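Below you'll find the structure, written out as structure tokens, and then a few comments.
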Amino acid sequence: MDIQNIAGITCTIIKHEEPSEKLAIILPGLGYTVLGSLLHYPAQLAFSHGYDILKIQYQYEPTVSFDEVVSSLYEDVPQVLATFLQTNPYTDYCLIGKSLGTYAMDSLLQQSDFQNAISIWLTPLLQEDPVYLSMTARSAPGISFIGSADICYVADRFQTLNESQIQMNLIPDANHALELSTSQANDNLAILMGILNKIDHFLAAHNK
């Protein structure tokens with residue numbers, strides 16, 4: 001495992017013993033780290049499907065506004081990847097982002113290197129036009145999960161995305177953590193297992 005500090009962002013790379021041409025890029029939310037279950041386990045699944053894993057953790061000050069964070073993501077994340085890929089070349093990519101990380105996904109999907117990347121959108125910010133338009137514009141396969149009780153869920157936009165290249169999955173009554181706020185732990189674990197099973201099948205179906 002190599003840990004690099006680039007542009008104030010902490011990057012952790014996990015590589016296979018044999019060189020891989022595939023890289024999965026993990027992009028967390030602002031308050032949701034790469035160690036959270038909705039990113040940790042998908043990263044493990046991607047690794048099992050032959051991807052090296054690059055985990056990106058932002059280090060923005062709490063006093064920075066949301067708009068300033070978003071602006072910084074559009075500048076910092078592509079810079080981080082450009083620097084990293086200069087010495088670590090790959091040909092196939094999988095982008096995995098949660099919440100604010102779906103803004104970071106859009107910042108990368110505007111780059112030519114990632115036009116054919118497959119994508120996994122966890123609690124995407126559907127109310128934010130750049131994220132929504134990025135999802136509708138995708139021609140490469142993707143999969144997404146959001147709860148009907150998530151403040152980021154927008155019903156009409158979700159329905160439009162049902163006709164896109166992204167497999168949309170709605171979790172009834174789930175919140176922004178993709179959990180049932182008044183439920184028992186077993187129910188939330190069952191939701192997590194269902195999400196992971198679908199991600200596993202998605203990665204298998206698009207494994208090169």
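How things are named: the first chain in the structure tokens is A, the next is B, and so on; residues count from 1 in each chain; ligands count from 1 in the order shown.
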
Determine, for each residue of range 51-76 of chain A having at least one atom at most 8 Å from an atom of range 8-32 of chain A, the closest pair of atoms and their separation in Å to one decimal, counting only C-alpha atoms; order by chain and ascending number, as CSV.
```
residue,atom,partner,partner_atom,distance
A:Tyr51,CA,A:Lys22,CA,4.8
A:Asp52,CA,A:Lys15,CA,4.8
A:Ile53,CA,A:Ala24,CA,5.0
A:Leu54,CA,A:Ile13,CA,4.5
A:Lys55,CA,A:Ile26,CA,4.7
A:Ile56,CA,A:Cys11,CA,4.7
A:Gln57,CA,A:Thr10,CA,5.2
A:Tyr58,CA,A:Ile9,CA,5.1
A:Gln59,CA,A:Ile9,CA,5.9
A:Asp76,CA,A:Ile9,CA,8.0
```

Output C-alpha atoms for every residue in that selection, as a short mmCIF file (atom, residue, chain, number, x, y, z; two decimals), in the first residue's frame.
```cif
data_model
loop_
_atom_site.label_atom_id
_atom_site.label_comp_id
_atom_site.auth_asym_id
_atom_site.auth_seq_id
_atom_site.Cartn_x
_atom_site.Cartn_y
_atom_site.Cartn_z
CA TYR A 51 -9.15 -3.55 -10.07
CA ASP A 52 -6.40 -1.77 -8.25
CA ILE A 53 -7.99 0.63 -5.76
CA LEU A 54 -7.27 4.34 -5.38
CA LYS A 55 -8.97 5.82 -2.32
CA ILE A 56 -9.17 9.60 -2.26
CA GLN A 57 -9.82 11.47 0.99
CA TYR A 58 -10.44 15.21 0.98
CA GLN A 59 -8.97 17.48 3.64
CA ASP A 76 -8.19 19.22 -7.15
#
```

Practice item. Check chain A with DSSP on the backbone and list each residue it calls helix (DSSP H, G or I), as a PyMOL selection string. Key: chain A and resi 37-48+66-87+101-109+112-114+129-136+155-161+185-205

Check your understanding: Residues at most 7 Å from Gly147 in chain A, counting only C-alpha atoms, excluding those fewer than 5 positions away in the same chain, as an MDAnalysis selection string?
Key -> chainID A and resid 153 170:176 178

Based on the selection just made, write C-alpha atoms of those residues as a PDB file, in the first residue's frame.
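Result saved to result.pdb:
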```pdb
ATOM      1  CA  TYR A 153     -33.961  12.100  -3.973  1.00  0.00           C
ATOM      2  CA  LEU A 170     -34.617   3.086  -5.199  1.00  0.00           C
ATOM      3  CA  ILE A 171     -34.513   1.872  -1.579  1.00  0.00           C
ATOM      4  CA  PRO A 172     -37.958   2.512  -0.017  1.00  0.00           C
ATOM      5  CA  ASP A 173     -37.858   4.737   3.083  1.00  0.00           C
ATOM      6  CA  ALA A 174     -34.042   4.728   3.206  1.00  0.00           C
ATOM      7  CA  ASN A 175     -32.235   7.923   4.203  1.00  0.00           C
ATOM      8  CA  HIS A 176     -28.960   9.451   2.979  1.00  0.00           C
ATOM      9  CA  LEU A 178     -29.146   4.125   2.791  1.00  0.00           C
TER      10      LEU A 178
END
```

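The spacing separating CA of Ser119 in chain A from CA of Ile143 in chain A amounts to 6.4 Å.
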
Review point. Please, which residues of range 35-125 of chain A, numbered as in this document, come out strand (DSSP E or B) from DSSP, as a PyMOL selection string?
Key: chain A and resi 52-57+92-98+118-122

Would you write out, as a Markdown table, a table of all residues in range 96-118 of chain A that have an atom no more than 8 Å from an atom of range 127-137 of chain A, listing for each the closest atom pair and the distance in Å to one decimal, considering only C-alpha atoms and ordering rows by chain and rising residue number?
```
| residue | atom | partner | partner_atom | distance |
| --- | --- | --- | --- | --- |
| A:Thr102 | CA | A:Val131 | CA | 6.5 |
| A:Tyr103 | CA | A:Val131 | CA | 5.8 |
| A:Asp106 | CA | A:Ser134 | CA | 6.0 |
| A:Leu109 | CA | A:Ser134 | CA | 7.7 |
```

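Computed from the coordinates, the CA of Met168 in chain A to CA of Pro78 in chain A distance equals 26.1 Å.
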
Review point. With only C-alpha atoms as the atoms that count, which of A:Ile118, A:Leu39, A:Val77, A:Ile166 lies nearest to Leu95 in chain A?
Key: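 Using only C-alpha atoms, Leu95 in chain A sits closest to A:Ile118.
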